[in-house]
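upload_4.txt, holding compact mmCIF, C-alpha atoms:
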```txt
# COMPACT_ATOMS: atom_id res chain seq x y z
CA THR A 1 0.00 0.00 0.00
CA ALA A 2 0.99 3.65 -0.23
CA GLU A 3 1.27 3.83 3.57
CA GLU A 4 3.65 0.88 3.65
CA ALA A 5 5.77 2.44 0.91
CA VAL A 6 6.03 5.67 2.90
CA ARG A 7 7.05 3.80 6.07
CA PHE A 8 9.63 1.78 4.15
CA ALA A 9 11.14 4.88 2.54
CA PHE A 10 11.24 6.85 5.78
CA THR A 11 13.10 4.09 7.62
CA SER A 12 15.61 3.66 4.80
CA THR A 13 19.31 4.19 5.46
CA GLU A 14 19.56 6.05 2.15
CA PRO A 15 19.25 9.80 2.95
CA SER A 16 17.67 10.82 -0.35
CA LEU A 17 15.03 8.11 -0.12
CA ARG A 18 14.26 8.99 3.49
CA ALA A 19 13.92 12.68 2.66
CA SER A 20 11.65 11.91 -0.28
CA ALA A 21 9.22 10.15 2.07
CA VAL A 22 8.82 13.06 4.48
CA PRO A 23 6.26 15.07 2.44
CA TYR A 24 3.99 12.01 2.38
CA LEU A 25 4.06 11.16 6.09
CA ASP A 26 0.63 12.76 6.51
CA ARG A 27 -0.77 9.69 4.70
CA LEU A 28 -0.04 7.79 7.90
CA GLY A 29 -2.30 10.16 9.84
CA ALA A 30 -1.32 13.43 11.49
CA ASP A 31 -0.60 11.91 14.91
CA HIS A 32 1.65 9.16 13.55
CA ALA A 33 3.40 11.60 11.24
CA LEU A 34 4.15 13.89 14.16
CA GLU A 35 5.56 11.00 16.17
CA LEU A 36 8.01 10.34 13.34
CA LEU A 37 8.84 13.99 12.74
CA ALA A 38 9.30 15.04 16.37
CA PRO A 39 12.75 13.48 16.85
CA VAL A 40 13.87 14.88 13.48
CA VAL A 41 13.31 18.53 14.46
CA ALA A 42 13.68 18.52 18.25
CA PRO A 43 16.16 20.01 18.68
CA PRO A 44 16.75 21.02 15.04
CA SER A 45 20.11 19.81 13.81
CA ALA A 46 21.65 19.60 10.37
CA ASP A 47 23.85 16.74 11.59
CA ARG A 48 21.02 14.20 11.46
CA ASP A 49 20.53 14.39 7.69
CA LEU A 50 20.09 17.83 6.21
CA ALA A 51 17.63 16.92 3.46
CA THR A 52 15.38 15.04 5.88
CA VAL A 53 15.34 17.84 8.47
CA GLN A 54 14.67 20.42 5.74
CA ALA A 55 11.76 18.37 4.43
CA ALA A 56 10.44 17.86 7.96
CA TYR A 57 9.64 21.55 8.36
CA GLY A 58 7.71 21.54 5.11
CA ALA A 59 5.80 18.49 6.35
CA LEU A 60 4.94 20.22 9.63
CA ALA A 61 3.48 23.16 7.71
CA LYS A 62 1.46 20.75 5.58
CA ILE A 63 0.03 18.94 8.63
CA GLY A 64 -1.09 22.24 10.12
CA SER A 65 -2.06 20.99 13.58
CA THR A 66 -1.32 22.73 16.86
CA ALA A 67 1.49 20.30 17.65
CA ALA A 68 2.98 20.74 14.17
CA ASP A 69 2.83 24.53 14.50
CA GLU A 70 4.59 24.26 17.85
CA GLY A 71 7.41 22.36 16.14
CA ILE A 72 7.77 25.18 13.60
CA ALA A 73 7.66 27.75 16.41
CA ARG A 74 10.51 26.00 18.24
CA GLY A 75 12.61 26.12 15.09
CA LEU A 76 11.84 29.80 14.60
CA LYS A 77 12.71 30.51 18.24
CA SER A 78 16.06 28.79 17.73
CA LEU A 79 16.64 30.92 14.64
CA ILE A 80 15.90 34.14 16.54
CA GLU A 81 18.19 33.05 19.38
CA GLY A 82 20.99 32.20 16.97
CA THR A 83 21.13 28.48 17.76
CA LEU A 84 19.53 27.13 14.57
CA PRO A 85 21.97 25.76 11.97
CA ALA A 86 22.15 28.29 9.13
CA THR A 87 21.44 25.52 6.63
CA LEU A 88 17.93 25.13 8.10
CA ALA A 89 16.97 28.81 8.35
CA LEU A 90 15.32 29.05 4.94
CA ASP A 91 13.18 25.97 5.60
CA VAL A 92 12.05 27.15 9.04
CA VAL A 93 11.12 30.61 7.79
CA THR A 94 9.30 29.17 4.77
CA ALA A 95 7.28 26.82 6.99
CA ALA A 96 6.44 29.68 9.36
CA GLU A 97 5.34 31.89 6.48
CA GLN A 98 3.01 29.17 5.23
CA ARG A 99 1.28 28.99 8.61
CA ALA A 100 1.54 32.61 9.79
CA ASP A 101 -1.91 33.71 8.57
CA ALA A 102 -3.56 30.94 10.59
CA VAL A 103 -1.32 31.12 13.65
CA PRO A 104 -0.91 34.58 15.27
CA ASP A 105 1.99 33.43 17.45
CA LEU A 106 3.99 32.37 14.38
CA SER A 107 3.14 35.66 12.71
CA ALA A 108 4.47 37.54 15.75
CA GLN A 109 7.65 35.44 15.80
CA LEU A 110 8.23 36.13 12.11
CA ALA A 111 7.81 39.86 12.73
CA GLU A 112 10.35 39.65 15.55
CA TYR A 113 12.81 37.77 13.34
CA ARG A 114 12.45 40.24 10.46
CA LYS A 115 12.87 43.20 12.79
CA ARG A 116 16.30 41.90 13.71
CA GLN A 117 17.49 41.52 10.13
CA PRO A 118 19.58 44.19 8.39
CA SER A 119 17.66 45.90 5.61
CA ALA A 120 20.25 48.24 4.09
CA SER A 121 21.01 46.02 1.11
CA PRO A 122 18.41 45.07 -1.55
CA LEU A 123 19.97 41.60 -1.34
CA SER A 124 19.21 41.20 2.37
CA ARG A 125 15.72 39.77 1.97
CA TYR A 126 17.14 36.86 -0.05
CA GLU A 127 20.20 36.10 2.05
CA LEU A 128 18.60 33.06 3.69
CA ALA A 129 19.21 31.36 0.35
CA LEU A 130 22.98 31.61 0.87
CA GLN A 131 22.89 28.57 3.17
CA GLY A 132 21.20 25.20 2.87
CA GLY A 133 18.86 24.72 -0.04
CA SER A 134 18.58 21.71 -2.32
CA SER A 135 20.68 20.99 -5.39
CA ALA A 136 17.86 18.83 -6.79
CA ARG A 137 15.34 21.63 -6.34
CA GLY A 138 17.78 24.12 -7.87
CA ARG A 139 18.31 21.88 -10.88
CA ALA A 140 14.56 21.55 -11.38
CA LEU A 141 14.13 25.33 -11.21
CA PHE A 142 16.93 25.91 -13.69
CA PHE A 143 15.75 23.40 -16.28
CA GLU A 144 11.99 23.40 -15.77
CA HIS A 145 10.66 26.64 -14.22
CA PRO A 146 8.34 28.21 -16.83
CA GLY A 147 8.62 31.68 -15.33
CA VAL A 148 12.39 32.06 -15.65
CA GLN A 149 13.44 29.70 -18.46
CA CYS A 150 17.15 29.86 -17.65
CA LEU A 151 18.14 27.74 -20.65
CA ARG A 152 16.87 30.38 -23.06
CA CYS A 153 19.97 32.46 -22.26
CA HIS A 154 22.47 30.15 -20.53
CA GLN A 155 24.16 26.93 -21.57
CA VAL A 156 24.87 23.88 -19.43
CA ALA A 157 26.44 20.78 -20.97
CA ALA A 158 26.14 22.30 -24.46
CA ALA A 159 22.36 22.77 -24.10
CA GLY A 160 20.73 26.17 -23.98
CA GLY A 161 21.12 29.71 -25.33
CA THR A 162 24.13 31.94 -25.77
CA VAL A 163 22.78 35.34 -24.69
CA GLY A 164 24.33 34.85 -21.26
CA PRO A 165 27.53 33.12 -20.12
CA LYS A 166 27.89 29.36 -20.00
CA LEU A 167 27.29 28.04 -16.49
CA ASP A 168 29.19 24.75 -16.52
CA GLY A 169 31.20 24.60 -13.29
CA ILE A 170 30.00 28.02 -12.14
CA GLY A 171 29.71 26.79 -8.53
CA LYS A 172 33.46 26.12 -8.47
CA ARG A 173 34.37 29.50 -9.92
CA ARG A 174 31.99 31.75 -8.00
CA ASP A 175 30.58 31.77 -4.48
CA ARG A 176 26.90 31.71 -3.52
CA ARG A 177 26.69 35.43 -2.87
CA TYR A 178 27.88 36.23 -6.39
CA LEU A 179 25.33 33.83 -7.86
CA LEU A 180 22.50 35.17 -5.70
CA GLU A 181 23.37 38.75 -6.64
CA SER A 182 23.46 37.80 -10.33
CA ILE A 183 19.88 36.53 -10.08
CA VAL A 184 18.41 39.21 -7.82
CA LEU A 185 20.41 42.21 -9.09
CA PRO A 186 21.44 41.31 -12.64
CA ASN A 187 22.66 44.83 -13.42
CA GLN A 188 24.94 45.10 -10.39
CA GLN A 189 27.87 43.49 -12.20
CA TYR A 190 28.36 41.65 -15.47
CA ALA A 191 30.27 38.56 -16.50
CA GLU A 192 33.28 39.33 -18.68
CA GLY A 193 32.25 39.62 -22.30
CA PHE A 194 28.56 40.04 -21.52
CA GLN A 195 28.34 43.72 -20.62
CA PRO A 196 25.30 45.33 -22.26
CA PRO A 197 25.82 48.31 -24.59
CA PRO A 198 26.11 51.70 -22.86
CA GLY A 199 22.76 53.02 -21.70
CA THR A 200 21.09 49.60 -21.72
CA LEU A 201 20.46 46.93 -19.11
CA SER A 202 21.21 43.23 -18.89
CA ALA A 203 19.03 40.89 -20.93
CA MET A 204 18.39 39.10 -17.65
CA PRO A 205 15.19 40.64 -16.25
CA GLU A 206 14.82 42.22 -12.84
CA GLY A 207 12.51 40.54 -10.33
CA LEU A 208 13.67 36.94 -10.76
CA GLY A 209 14.30 36.73 -7.02
CA ASP A 210 10.60 37.27 -6.36
CA VAL A 211 9.58 34.75 -9.03
CA LEU A 212 11.89 32.04 -7.68
CA SER A 213 10.93 32.62 -4.04
CA ARG A 214 7.24 31.92 -4.63
```
Could the structure of this file be written out as structure tokens, please?
Amino acid sequence: TAEEAVRFAFTSTEPSLRASAVPYLDRLGADHALELLAPVVAPPSADRDLATVQAAYGALAKIGSTAADEGIARGLKSLIEGTLPATLALDVVTAAEQRADAVPDLSAQLAEYRKRQPSASPLSRYELALQGGSSARGRALFFEHPGVQCLRCHQVAAAGGTVGPKLDGIGKRRDRRYLLESIVLPNQQYAEGFQPPPGTLSAMPEGLGDVLSR
């Protein structure tokens, strides 16, 4: 059955298989799912298995019960106090945002967290993406997202357009901040050989950060 498949995957010793089962734990019933998720996120730790812990916060938001919301709130409290691993911050905040409208306490915690964040740079609202994340999710966005269509302008493995620079091995040549800035602020700096003519802007549109964060 589907329930047996979920249990089997979640108890696997293969991290990717275990993480892939987390979004479907609600098929076992909210109470059982919470029993399985509780030790994953309490206390939150990236040492257990990053992909599984990241997925666990998304699962808590999906369950949407009081106990699940309390698990998200504990993660957000750890983030505010500076004890949450940076690689989990994006997942905790995303889960809290998904539940904030229905849970006033989470909304208040989010407001407190945002109040403490620097706001001088236009990049600051996206800086959570500098840690953690998912390479599989990033690959899917790059190759499949209909709103950004990265391959129209960039090449990877000889596939794609030539308006922008080739991106093979870009992660080894540039750090995450450079890549984030290139997406969010495409006219801040240009790759060598791809400067637009004087008085014009990059072919890469503004606002991709908002599109990708939805």
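Counting all atoms listed in the file and comparing A:Ala33, A:Leu90, A:Val156, A:Met204, the residue that lies closest to Glu127 (chain A) is A:Leu90.
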> Which residues come within 8 Å of Lys77 (chain A), counting only C-alpha atoms, excluding same-chain residues fewer than 4 positions away, as a ChimeraX atom specification?
Replying inline: /A:73,81,109
Please write the residues from the selection above to a file, keeping C-alpha atoms, as a compact mmCIF listing (two decimals), keeping the file's coordinate frame.
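Full text of selection-v5.txt as output:
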```
# COMPACT_ATOMS: atom_id res chain seq x y z
CA ALA A 73 7.66 27.75 16.41
CA GLU A 81 18.19 33.05 19.38
CA GLN A 109 7.65 35.44 15.80
```
> Which residues, written as a VMD selection string, have at least one atom at most 8 Å from Leu110 (chain A), with all atoms listed in the file counted and residues fewer than 4 positions away on the same chain left out?
Replying inline: chain A and resid 76 93 96 to 97 100 106 114
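Each of A:Leu79, A:Pro165, A:Gly171, A:Leu50 was checked against Phe194 (chain A) using all atoms listed in the file; the smallest atom-to-atom distance is that of A:Pro165.
In this comparison, which uses only C-alpha atoms, the residue of A:Leu151, A:Val53, A:Leu208, A:Val41 approaching Ala21 (chain A) most closely is A:Val53.
The environment of Pro43 (chain A) within 8 Å, counting only C-alpha atoms and disregarding residues fewer than 3 places along the same chain, consists of A:Pro39, A:Val40, A:Gly75.
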Prev. selection, C-alpha atoms, output as a PDB file, keeping the file's coordinate frame:
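What follows is the written file result-v1.pdb:
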```pdb
ATOM      1  CA  PRO A  39      12.750  13.480  16.850  1.00  0.00           C
ATOM      2  CA  VAL A  40      13.870  14.880  13.480  1.00  0.00           C
ATOM      3  CA  GLY A  75      12.610  26.120  15.090  1.00  0.00           C
TER       4      GLY A  75
END
```
>> Can you tell me which residues surround Leu34 (chain A) at a distance of at most 9 Å, considering only C-alpha atoms, apart from same-chain residues fewer than 6 positions away, and format the answer as JSON, numbers by chain?
In response: {"A": [25, 26, 60, 63, 67, 68]}
> Could you pull the residues within 12 Å of region 166-168 of chain A, counting all atoms listed in the file, minus those fewer than 4 positions along the same chain, as JSON, numbers by chain?
Replying inline: {"A": [142, 150, 151, 152, 153, 154, 155, 156, 157, 158, 159, 160, 161, 162, 172, 173, 174, 179, 191, 192, 193, 194]}
List the residues sitting within 10 Å of (17.2, 33.1, 4.2) in the file's frame, using all atoms listed in the file, as a PDB file with C-alpha atoms, keeping the file's coordinate frame.
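Result file is point-v4.pdb:
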```
ATOM      1  CA  ALA A  86      22.150  28.290   9.130  1.00  0.00           C
ATOM      2  CA  THR A  87      21.440  25.520   6.630  1.00  0.00           C
ATOM      3  CA  LEU A  88      17.930  25.130   8.100  1.00  0.00           C
ATOM      4  CA  ALA A  89      16.970  28.810   8.350  1.00  0.00           C
ATOM      5  CA  LEU A  90      15.320  29.050   4.940  1.00  0.00           C
ATOM      6  CA  ASP A  91      13.180  25.970   5.600  1.00  0.00           C
ATOM      7  CA  VAL A  92      12.050  27.150   9.040  1.00  0.00           C
ATOM      8  CA  VAL A  93      11.120  30.610   7.790  1.00  0.00           C
ATOM      9  CA  THR A  94       9.300  29.170   4.770  1.00  0.00           C
ATOM     10  CA  SER A 124      19.210  41.200   2.370  1.00  0.00           C
ATOM     11  CA  ARG A 125      15.720  39.770   1.970  1.00  0.00           C
ATOM     12  CA  TYR A 126      17.140  36.860  -0.050  1.00  0.00           C
ATOM     13  CA  GLU A 127      20.200  36.100   2.050  1.00  0.00           C
ATOM     14  CA  LEU A 128      18.600  33.060   3.690  1.00  0.00           C
ATOM     15  CA  ALA A 129      19.210  31.360   0.350  1.00  0.00           C
ATOM     16  CA  LEU A 130      22.980  31.610   0.870  1.00  0.00           C
ATOM     17  CA  GLN A 131      22.890  28.570   3.170  1.00  0.00           C
ATOM     18  CA  GLY A 132      21.200  25.200   2.870  1.00  0.00           C
ATOM     19  CA  GLY A 133      18.860  24.720  -0.040  1.00  0.00           C
TER      20      GLY A 133
END
```
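From CA of Ser20 (chain A) back to CA of Val148 (chain A), the distance works out to 25.4 Å.
When CA of Pro122 (chain A) is paired with CA of Asp175 (chain A), their separation reads 18.3 Å.
Among the candidate residues A:Ser45, A:Glu35, A:Asn187, A:Ser12, the one lying nearest to Gly199 (chain A) is A:Asn187, with distances computed using all atoms listed in the file.
Between CA of Leu17 (chain A) and CA of Ser65 (chain A) there is a distance of 25.4 Å.
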Take every atom of region 13-32 of chain A listed in the file, pad by 8 Å on each side, and give me the axis-aligned box centre and edge lengths in Å, one decimal, as lines of an AutoDock Vina configuration file.
```
center_x = 8.6
center_y = 9.6
center_z = 7.3
size_x = 37.9
size_y = 26.9
size_z = 31.3
```
> When distances are computed from all atoms listed in the file, which of A:Val22, A:Leu84, A:Ala30, A:Leu201 shows the smallest separation from Thr52 (chain A)?
Replying inline: A:Val22
> Which residue, A:Gln54, A:Gln98, A:Pro23, A:Tyr113, has the smallest gap to Gly82 (chain A) when you use all atoms listed in the file?
Replying inline: A:Tyr113
Residue rebuild result region 94-105 of chain A, all heavy atoms as a tab-separated table (two decimals), in the coordinates of the input:
```tsv
chain	number	residue	atom	x	y	z
A	94	THR	N	10.31	29.50	5.78
A	94	THR	CA	9.30	29.17	4.77
A	94	THR	C	8.10	28.47	5.41
A	94	THR	O	6.94	28.79	5.11
A	94	THR	CB	9.91	28.28	3.68
A	94	THR	OG1	10.98	28.98	3.04
A	94	THR	CG2	8.86	27.91	2.64
A	95	ALA	N	8.36	27.53	6.30
A	95	ALA	CA	7.28	26.82	6.99
A	95	ALA	C	6.47	27.80	7.84
A	95	ALA	O	5.22	27.74	7.86
A	95	ALA	CB	7.84	25.71	7.86
A	96	ALA	N	7.14	28.69	8.53
A	96	ALA	CA	6.44	29.68	9.36
A	96	ALA	C	5.59	30.61	8.52
A	96	ALA	O	4.46	30.96	8.89
A	96	ALA	CB	7.46	30.47	10.19
A	97	GLU	N	6.10	31.02	7.37
A	97	GLU	CA	5.34	31.89	6.48
A	97	GLU	C	4.08	31.20	5.97
A	97	GLU	O	3.03	31.84	5.83
A	97	GLU	CB	6.21	32.33	5.30
A	97	GLU	CG	7.31	33.31	5.68
A	97	GLU	CD	8.23	33.62	4.53
A	97	GLU	OE1	8.30	32.83	3.58
A	97	GLU	OE2	8.92	34.66	4.61
A	98	GLN	N	4.17	29.91	5.72
A	98	GLN	CA	3.01	29.17	5.23
A	98	GLN	C	1.90	29.07	6.27
A	98	GLN	O	0.73	28.95	5.92
A	98	GLN	CB	3.44	27.76	4.79
A	98	GLN	CG	4.30	27.76	3.54
A	98	GLN	CD	4.87	26.39	3.23
A	98	GLN	OE1	4.70	25.44	3.99
A	98	GLN	NE2	5.55	26.27	2.10
A	99	ARG	N	2.27	29.16	7.54
A	99	ARG	CA	1.28	28.99	8.61
A	99	ARG	C	0.95	30.29	9.34
A	99	ARG	O	0.06	30.33	10.18
A	99	ARG	CB	1.81	27.97	9.63
A	99	ARG	CG	1.95	26.57	9.09
A	99	ARG	CD	0.59	25.96	8.78
A	99	ARG	NE	-0.22	25.86	10.00
A	99	ARG	CZ	-1.54	25.84	10.01
A	99	ARG	NH1	-2.23	25.96	8.89
A	99	ARG	NH2	-2.19	25.71	11.16
A	100	ALA	N	1.66	31.37	9.02
A	100	ALA	CA	1.54	32.61	9.79
A	100	ALA	C	0.13	33.20	9.78
A	100	ALA	O	-0.34	33.72	10.79
A	100	ALA	CB	2.54	33.64	9.28
A	101	ASP	N	-0.56	33.13	8.65
A	101	ASP	CA	-1.91	33.71	8.57
A	101	ASP	C	-2.88	33.00	9.51
A	101	ASP	O	-3.82	33.62	10.01
A	101	ASP	CB	-2.44	33.64	7.13
A	101	ASP	CG	-1.75	34.63	6.21
A	101	ASP	OD1	-1.09	35.55	6.73
A	101	ASP	OD2	-1.85	34.46	4.98
A	102	ALA	N	-2.65	31.71	9.74
A	102	ALA	CA	-3.56	30.94	10.59
A	102	ALA	C	-3.11	30.88	12.04
A	102	ALA	O	-3.90	30.48	12.91
A	102	ALA	CB	-3.68	29.51	10.04
A	103	VAL	N	-1.86	31.26	12.30
A	103	VAL	CA	-1.32	31.12	13.65
A	103	VAL	C	-0.70	32.46	14.09
A	103	VAL	O	0.43	32.77	13.71
A	103	VAL	CB	-0.24	30.01	13.70
A	103	VAL	CG1	0.23	29.78	15.13
A	103	VAL	CG2	-0.78	28.71	13.11
A	104	PRO	N	-1.41	33.26	14.86
A	104	PRO	CA	-0.91	34.58	15.27
A	104	PRO	C	0.45	34.53	15.96
A	104	PRO	O	1.28	35.44	15.76
A	104	PRO	CB	-2.00	35.08	16.22
A	104	PRO	CG	-3.24	34.38	15.77
A	104	PRO	CD	-2.79	33.02	15.33
A	105	ASP	N	0.70	33.50	16.76
A	105	ASP	CA	1.99	33.43	17.45
A	105	ASP	C	3.15	33.29	16.46
A	105	ASP	O	4.22	33.88	16.65
A	105	ASP	CB	2.01	32.25	18.43
A	105	ASP	CG	1.16	32.52	19.67
A	105	ASP	OD1	0.75	33.69	19.86
A	105	ASP	OD2	0.92	31.57	20.43
```
